[in-house]
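Note: the block below is protein00.csv and it holds CSV, C-alpha atoms.
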chain,number,residue,atom,x,y,z
R,571,PRO,CA,20.5,-8.9,-3.9
R,572,GLY,CA,17.2,-9.1,-5.7
R,573,LEU,CA,17.7,-12.9,-6.1
R,574,GLN,CA,18.3,-13.5,-2.4
R,575,PRO,CA,14.6,-14.3,-1.5
R,576,PHE,CA,14.3,-16.6,-4.5
R,577,LEU,CA,17.5,-18.4,-3.7
R,578,PHE,CA,16.5,-18.8,-0.1
R,579,GLY,CA,13.1,-20.3,-1.0
R,580,LEU,CA,14.7,-22.5,-3.7
R,581,PHE,CA,17.4,-24.0,-1.5
R,582,LEU,CA,15.1,-24.3,1.5
R,583,SER,CA,12.7,-26.3,-0.6
R,584,MET,CA,15.5,-28.5,-1.9
R,585,TYR,CA,16.8,-29.1,1.6
R,586,LEU,CA,13.4,-30.1,3.0
R,587,VAL,CA,12.6,-32.4,0.1
R,588,THR,CA,16.0,-34.0,0.4
R,589,VAL,CA,15.7,-34.6,4.2
R,590,LEU,CA,12.0,-35.7,4.0
R,591,GLY,CA,12.6,-38.0,0.9
R,592,ASN,CA,15.6,-39.8,2.3
R,593,LEU,CA,14.0,-40.1,5.8
R,594,LEU,CA,11.0,-41.7,4.3
R,595,ILE,CA,13.2,-44.3,2.5
R,596,ILE,CA,14.9,-45.1,5.9
R,597,LEU,CA,11.6,-45.4,7.7
R,598,ALA,CA,10.1,-47.5,4.9
R,599,THR,CA,13.1,-49.8,5.0
R,600,ILE,CA,13.0,-50.2,8.7
R,601,SER,CA,9.2,-50.7,9.0
R,602,ASP,CA,8.7,-53.2,6.1
R,603,SER,CA,10.2,-56.7,6.8
R,604,HIS,CA,10.2,-57.4,3.1
R,605,LEU,CA,12.9,-54.8,2.7
R,606,HIS,CA,15.2,-56.3,5.3
R,607,THR,CA,17.7,-57.3,2.6
R,608,PRO,CA,21.3,-56.3,1.8
R,609,MET,CA,20.1,-54.0,-1.1
R,610,TYR,CA,17.8,-51.9,1.0
R,611,PHE,CA,20.2,-52.0,4.0
R,612,PHE,CA,22.8,-50.3,1.8
R,613,LEU,CA,20.1,-47.9,0.4
R,614,SER,CA,19.0,-46.8,3.9
R,615,ASN,CA,22.7,-46.1,4.8
R,616,LEU,CA,23.1,-44.1,1.6
R,617,SER,CA,20.0,-42.1,2.5
R,618,PHE,CA,21.4,-41.3,5.9
R,619,ALA,CA,24.7,-40.3,4.3
R,620,ASP,CA,22.8,-38.0,1.9
R,621,ILE,CA,20.9,-36.3,4.7
R,622,SER,CA,24.1,-35.7,6.6
R,623,PHE,CA,25.9,-34.6,3.4
R,624,VAL,CA,23.4,-32.0,2.4
R,625,SER,CA,23.2,-30.8,6.1
R,626,THR,CA,26.9,-29.8,6.1
R,627,THR,CA,26.5,-27.0,3.5
R,628,VAL,CA,22.9,-26.0,2.8
R,629,PRO,CA,21.7,-24.9,6.3
R,630,LYS,CA,24.8,-22.6,6.7
R,631,MET,CA,24.1,-21.2,3.2
R,632,LEU,CA,20.5,-20.5,4.1
R,633,VAL,CA,21.6,-18.7,7.3
R,634,ASN,CA,24.0,-16.6,5.2
R,635,ILE,CA,21.3,-15.6,2.8
R,636,GLN,CA,18.8,-14.8,5.5
R,637,THR,CA,21.1,-12.8,7.7
R,638,GLN,CA,23.1,-11.2,4.8
R,639,SER,CA,26.3,-12.3,6.6
R,640,ARG,CA,28.9,-14.4,4.9
R,641,VAL,CA,31.1,-14.8,8.0
R,642,ILE,CA,32.1,-18.3,9.3
R,643,THR,CA,34.6,-18.9,12.1
R,644,TYR,CA,37.8,-20.7,11.6
R,645,ALA,CA,36.7,-23.6,13.8
R,646,GLY,CA,33.3,-23.7,12.0
R,647,CYS,CA,35.0,-23.7,8.6
R,648,ILE,CA,37.4,-26.6,9.5
R,649,THR,CA,34.4,-28.5,11.0
R,650,GLN,CA,32.3,-28.0,7.9
R,651,MET,CA,35.1,-29.2,5.7
R,652,CYS,CA,35.7,-32.2,7.8
R,653,PHE,CA,32.1,-33.4,7.8
R,654,PHE,CA,31.7,-32.5,4.1
R,655,LEU,CA,34.7,-34.8,3.2
R,656,LEU,CA,33.4,-37.5,5.5
R,657,PHE,CA,30.0,-37.8,3.9
R,658,ALA,CA,31.2,-37.2,0.4
R,659,VAL,CA,33.7,-40.1,0.7
R,660,LEU,CA,31.1,-42.2,2.4
R,661,ASP,CA,28.6,-41.6,-0.4
R,662,SER,CA,31.2,-42.7,-3.0
R,663,LEU,CA,32.1,-45.9,-1.0
R,664,LEU,CA,28.4,-46.8,-0.4
R,665,LEU,CA,27.7,-46.5,-4.1
R,666,ALA,CA,30.6,-48.9,-4.8
R,667,VAL,CA,29.3,-51.3,-2.1
R,668,MET,CA,25.8,-51.2,-3.7
R,669,ALA,CA,27.3,-52.0,-7.1
R,670,TYR,CA,29.1,-55.0,-5.6
R,671,ASP,CA,25.8,-56.2,-4.1
R,672,ARG,CA,24.1,-56.0,-7.5
R,673,PHE,CA,27.1,-57.8,-9.1
R,674,VAL,CA,26.7,-60.7,-6.6
R,675,ALA,CA,22.9,-60.8,-7.0
R,676,ILE,CA,23.0,-61.0,-10.8
R,677,CYS,CA,26.3,-62.8,-11.6
R,678,HIS,CA,26.2,-65.3,-8.7
R,679,PRO,CA,22.5,-65.6,-7.7
R,680,LEU,CA,22.9,-69.1,-6.2
R,681,HIS,CA,25.6,-68.0,-3.8
R,682,TYR,CA,24.1,-64.6,-3.0
R,683,ALA,CA,22.7,-65.6,0.4
R,684,THR,CA,26.0,-67.1,1.5
R,685,ILE,CA,28.1,-64.2,0.3
R,686,MET,CA,26.0,-61.3,1.3
R,687,THR,CA,25.3,-62.3,4.9
R,688,GLN,CA,24.2,-59.9,7.5
R,689,SER,CA,27.7,-59.8,9.1
R,690,GLN,CA,29.3,-59.2,5.6
R,691,CYS,CA,26.9,-56.3,4.9
R,692,VAL,CA,27.7,-54.7,8.3
R,693,MET,CA,31.4,-55.1,7.7
R,694,LEU,CA,31.1,-53.4,4.3
R,695,VAL,CA,29.3,-50.4,5.7
R,696,ALA,CA,31.6,-50.3,8.7
R,697,GLY,CA,34.6,-50.4,6.5
R,698,SER,CA,33.2,-47.5,4.4
R,699,TRP,CA,32.7,-45.5,7.6
R,700,VAL,CA,36.3,-46.2,8.8
R,701,ILE,CA,37.8,-45.2,5.4
R,702,ALA,CA,35.7,-42.0,5.2
R,703,CYS,CA,36.5,-41.0,8.7
R,704,ALA,CA,40.3,-41.6,8.1
R,705,CYS,CA,40.2,-39.6,4.9
R,706,ALA,CA,38.3,-36.6,6.5
R,707,LEU,CA,40.6,-36.7,9.6
R,708,LEU,CA,43.8,-36.8,7.5
R,709,HIS,CA,42.8,-33.7,5.5
R,710,THR,CA,41.5,-31.9,8.6
R,711,LEU,CA,44.8,-32.4,10.5
R,712,LEU,CA,46.9,-31.3,7.5
R,713,LEU,CA,44.7,-28.2,6.9
R,714,ALA,CA,45.0,-27.3,10.6
R,715,GLN,CA,48.8,-27.0,10.1
R,716,LEU,CA,48.5,-24.3,7.4
R,717,SER,CA,48.6,-20.6,7.9
R,718,PHE,CA,46.2,-18.1,6.4
R,719,CYS,CA,47.9,-14.7,6.5
R,720,ALA,CA,46.4,-12.7,3.6
R,721,ASP,CA,43.0,-12.9,2.0
R,722,HIS,CA,40.3,-14.6,4.1
R,723,ILE,CA,37.5,-14.5,1.6
R,724,ILE,CA,36.6,-18.0,0.4
R,725,PRO,CA,35.5,-17.9,-3.3
R,726,HIS,CA,32.8,-20.5,-2.7
R,727,TYR,CA,29.5,-21.0,-0.8
R,728,PHE,CA,31.1,-23.5,1.7
R,729,CYS,CA,34.5,-24.4,3.0
R,730,ASP,CA,35.7,-26.5,0.1
R,731,LEU,CA,39.2,-28.0,0.6
R,732,GLY,CA,40.5,-26.8,-2.8
R,733,ALA,CA,39.3,-23.2,-2.1
R,734,LEU,CA,40.9,-23.2,1.3
R,735,LEU,CA,44.3,-24.4,0.0
R,736,LYS,CA,44.3,-21.5,-2.5
R,737,LEU,CA,44.1,-19.0,0.4
R,738,SER,CA,47.0,-20.5,2.4
R,739,CYS,CA,50.4,-18.8,2.5
R,740,SER,CA,52.0,-22.1,3.6
R,741,ASP,CA,53.5,-24.9,1.6
R,742,THR,CA,50.5,-27.0,0.5
R,743,SER,CA,52.5,-29.7,-1.4
R,744,LEU,CA,51.8,-32.3,1.3
R,745,ASN,CA,48.1,-31.4,1.2
R,746,GLN,CA,48.0,-31.8,-2.5
R,747,LEU,CA,49.7,-35.2,-2.2
R,748,ALA,CA,47.1,-36.2,0.3
R,749,ILE,CA,44.3,-35.0,-2.0
R,750,PHE,CA,45.7,-37.0,-4.9
R,751,THR,CA,46.0,-40.1,-2.7
R,752,ALA,CA,42.5,-39.8,-1.2
R,753,ALA,CA,41.0,-39.1,-4.7
R,754,LEU,CA,42.5,-42.3,-6.0
R,755,THR,CA,41.3,-44.3,-2.9
R,756,ALA,CA,37.9,-42.7,-2.3
R,757,ILE,CA,36.8,-41.6,-5.7
R,758,MET,CA,38.6,-43.3,-8.6
R,759,LEU,CA,39.0,-46.8,-7.0
R,760,PRO,CA,35.2,-47.1,-6.1
R,761,PHE,CA,34.3,-45.7,-9.5
R,762,LEU,CA,36.5,-48.4,-11.2
R,763,CYS,CA,34.9,-51.0,-9.0
R,764,ILE,CA,31.5,-49.9,-10.1
R,765,LEU,CA,32.6,-50.0,-13.8
R,766,VAL,CA,34.0,-53.5,-13.4
R,767,SER,CA,30.9,-54.7,-11.6
R,768,TYR,CA,28.6,-53.3,-14.3
R,769,GLY,CA,30.8,-54.8,-17.0
R,770,HIS,CA,30.3,-58.2,-15.5
R,771,ILE,CA,26.6,-57.5,-15.0
R,772,GLY,CA,26.3,-56.5,-18.7
R,773,VAL,CA,28.0,-59.7,-19.8
R,774,THR,CA,25.7,-61.8,-17.6
R,775,ILE,CA,22.6,-60.0,-18.7
R,776,LEU,CA,23.4,-60.6,-22.4
R,777,GLN,CA,23.6,-64.4,-21.6
R,778,ILE,CA,20.1,-64.4,-20.1
R,779,PRO,CA,17.8,-66.2,-22.6
R,780,SER,CA,14.5,-64.7,-21.5
R,781,THR,CA,13.4,-61.0,-22.1
R,782,LYS,CA,11.7,-61.1,-18.7
R,783,GLY,CA,14.9,-62.0,-17.0
R,784,ILE,CA,16.8,-59.2,-18.7
R,785,CYS,CA,14.1,-56.6,-17.7
R,786,LYS,CA,14.2,-57.8,-14.1
R,787,ALA,CA,18.0,-57.6,-14.0
R,788,LEU,CA,18.0,-54.1,-15.5
R,789,SER,CA,15.3,-52.9,-13.1
R,790,THR,CA,17.4,-53.8,-10.1
R,791,CYS,CA,20.4,-51.8,-11.6
R,792,GLY,CA,18.7,-48.9,-13.3
R,793,SER,CA,18.1,-46.7,-10.2
R,794,HIS,CA,21.7,-47.3,-8.9
R,795,LEU,CA,23.2,-46.6,-12.3
R,796,SER,CA,21.3,-43.3,-12.6
R,797,VAL,CA,22.6,-42.1,-9.2
R,798,VAL,CA,26.2,-43.2,-10.1
R,799,THR,CA,26.1,-41.4,-13.4
R,800,ILE,CA,25.0,-38.1,-11.9
R,801,TYR,CA,27.3,-38.2,-8.9
R,802,TYR,CA,30.6,-39.3,-10.5
R,803,ARG,CA,30.1,-37.3,-13.7
R,804,THR,CA,29.9,-34.1,-11.7
R,805,ILE,CA,32.8,-34.9,-9.3
R,806,ILE,CA,35.1,-36.0,-12.0
R,807,GLY,CA,34.3,-33.0,-14.1
R,808,LEU,CA,34.9,-30.7,-11.0
R,809,TYR,CA,38.0,-32.2,-9.5
R,810,PHE,CA,39.8,-34.2,-12.2
R,811,LEU,CA,39.7,-31.9,-15.2
R,812,PRO,CA,42.5,-29.3,-15.7
R,813,PRO,CA,41.9,-26.2,-13.6
R,814,SER,CA,42.0,-24.0,-16.7
R,815,SER,CA,38.9,-25.7,-18.1
R,816,ASN,CA,36.8,-24.7,-15.0
R,817,THR,CA,35.9,-21.1,-14.0
R,818,ASN,CA,34.9,-20.3,-10.5
R,819,ASP,CA,31.2,-20.0,-11.5
R,820,LYS,CA,31.3,-23.4,-13.2
R,821,ASN,CA,32.9,-24.9,-10.1
R,822,ILE,CA,30.1,-23.5,-7.8
R,823,ILE,CA,27.4,-24.7,-10.1
R,824,ALA,CA,28.9,-28.2,-10.3
R,825,SER,CA,29.3,-28.2,-6.5
R,826,VAL,CA,25.6,-27.3,-6.1
R,827,ILE,CA,24.7,-30.3,-8.3
R,828,TYR,CA,26.5,-32.9,-6.3
R,829,THR,CA,26.0,-31.3,-2.8
R,830,ALA,CA,22.4,-30.4,-3.1
R,831,VAL,CA,20.7,-31.6,-6.3
R,832,THR,CA,22.0,-35.3,-6.3
R,833,PRO,CA,20.9,-36.0,-2.7
R,834,MET,CA,17.5,-34.6,-3.5
R,835,LEU,CA,17.1,-36.7,-6.6
R,836,ASN,CA,18.1,-40.0,-4.9
R,837,PRO,CA,14.7,-40.6,-3.2
R,838,PHE,CA,12.8,-39.9,-6.4
R,839,ILE,CA,15.1,-42.1,-8.5
R,840,TYR,CA,14.9,-45.0,-6.1
R,841,SER,CA,11.2,-44.7,-5.2
R,842,LEU,CA,9.7,-44.0,-8.6
R,843,ARG,CA,11.6,-46.9,-10.2
R,844,ASN,CA,11.3,-49.4,-7.4
R,845,LYS,CA,8.0,-51.2,-6.8
R,846,ASP,CA,9.1,-52.5,-3.4
R,847,ILE,CA,10.0,-49.0,-2.1
R,848,LYS,CA,6.7,-47.6,-3.4
R,849,GLY,CA,4.7,-50.4,-1.7
R,850,ALA,CA,6.6,-49.9,1.6
R,851,LEU,CA,6.0,-46.1,1.4
R,852,ARG,CA,2.2,-46.6,0.8
R,853,LYS,CA,2.1,-49.0,3.8
R,854,LEU,CA,4.0,-46.5,6.0
R,855,LEU,CA,1.8,-43.5,4.9
R,856,SER,CA,-1.4,-45.5,5.4
R,857,ARG,CA,-0.2,-46.6,8.8
R,858,SER,CA,0.7,-43.0,9.8
R,859,GLY,CA,-2.8,-41.9,8.6
R,860,ALA,CA,-4.5,-44.6,10.6
R,861,VAL,CA,-2.5,-43.6,13.8
R,862,ALA,CA,-3.3,-39.9,13.2
R,863,HIS,CA,-7.0,-40.8,12.7
R,864,ALA,CA,-7.0,-42.8,15.9
R,865,CYS,CA,-5.4,-40.0,17.9
R,866,ASN,CA,-8.1,-37.6,16.6
R,867,LEU,CA,-10.9,-39.9,17.6
R,868,SER,CA,-9.3,-40.3,21.1
R,869,THR,CA,-9.0,-36.5,21.4
R,870,LEU,CA,-12.7,-36.0,20.4
R,871,GLY,CA,-13.8,-38.7,22.8
R,872,GLY,CA,-11.9,-37.1,25.6

Go through the file and emit its structure as structure tokens.
Amino acid sequence: PGLQPFLFGLFLSMYLVTVLGNLLIILATISDSHLHTPMYFFLSNLSFADISFVSTTVPKMLVNIQTQSRVITYAGCITQMCFFLLFAVLDSLLLAVMAYDRFVAICHPLHYATIMTQSQCVMLVAGSWVIACACALLHTLLLAQLSFCADHIIPHYFCDLGALLKLSCSDTSLNQLAIFTAALTAIMLPFLCILVSYGHIGVTILQIPSTKGICKALSTCGSHLSVVTIYYRTIIGLYFLPPSSNTNDKNIIASVIYTAVTPMLNPFIYSLRNKDIKGALRKLLSRSGAVAHACNLSTLGG
């Protein structure tokens, strides 16, 4: 109980930083015409997914801490799990799409404009949304068929699918099969696509004769690779290692990393290592300051 005020302040700060940081990236991408490219189109969609992803778990956790109540309704739990799966899968697919974009830009630079057209980019994002929605809907419908007749205490800080299945007194074999299939489709397949893309990128970079060209190629991939490493390392360690190797405390800590910490780090990783984003943010903030100054002058004049 003594840690509750500290935890509330910590997670509230993390949530506000996550929302504000990702929102600034979206606004900077929209406002700066130089960032109207496939790379930043995908980045803005990833930022929106991160805002939505963190909003499915952290606000409810903050309410629980503040009110000292751990209760969540059955409908609320199912809804939270549905949106959690939706944006978790969407995050994974968008990271794979961004890796493909970098692969085309570095390995096929002369054909980049013809391959990564606006319609192609929209189709890739729309396809990611369709797959994510289908995955979330499948698990939600299967979970709704289960019965919970004994312990109703979820050993987690949000309605995680694995934790819910452990509480069910129904046969969960079909759910487990769906989890395995979805994990291959939404986690492992995108991860393998990312590895293959960066394998080709690595071979191409080694063939670049100039050091300047190598540095430029690495700078375009470094931010994305950092996010991929943090995100997939945590998820694979949490969901793909044998259950005996993970205690409940370790599971919760790992869940906090990829549900709260990773979305918070994304804006810092992309903005601090990207000159275009930093320049767009400066323009956006200076424009906002000029508007605020003009409003103040207007108010004083009135």

Exercise. Do you have the CA of Leu660 (chain R)-CA of Val641 (chain R) distance handy?
Worked result: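 Result for CA of Leu660 (chain R) versus CA of Val641 (chain R): 28.0 Å, one decimal.
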
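If you measure from each of R:Phe581, R:Phe611, R:Tyr644, R:Phe653 to Ile827 (chain R) using all atoms listed in the file, the closest one turns out to be R:Phe581.
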
Could you list, with a cut-off of 10 Å and counting only C-alpha atoms, the residues of region 617-646 of chain R near region 729-735 of chain R, each shown with its nearest atom pair and the distance in Å rounded to one decimal, rows sorted by chain and ascending number, as CSV?
residue,atom,partner,partner_atom,distance
R:Thr626,CA,R:Cys729,CA,9.8
R:Thr627,CA,R:Cys729,CA,8.4
R:Ile642,CA,R:Cys729,CA,9.1
R:Tyr644,CA,R:Cys729,CA,9.9
R:Gly646,CA,R:Cys729,CA,9.1

Exercise. For Ile723 (chain R), which residue among R:Arg640, R:Ala824, R:Phe654, R:Ala748 is the nearest when counting only C-alpha atoms?
Worked result: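 Looking only at the distances to Ile723 (chain R), the closest residue turns out to be R:Arg640.
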
Exercise. Which is closer to Leu573 (chain R) than all the others in R:Gln636, R:Thr588, R:Asn836, R:Ile764, using only C-alpha atoms?
Worked result: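 Nearest candidate to Leu573 (chain R) out of R:Gln636, R:Thr588, R:Asn836, R:Ile764: R:Gln636.
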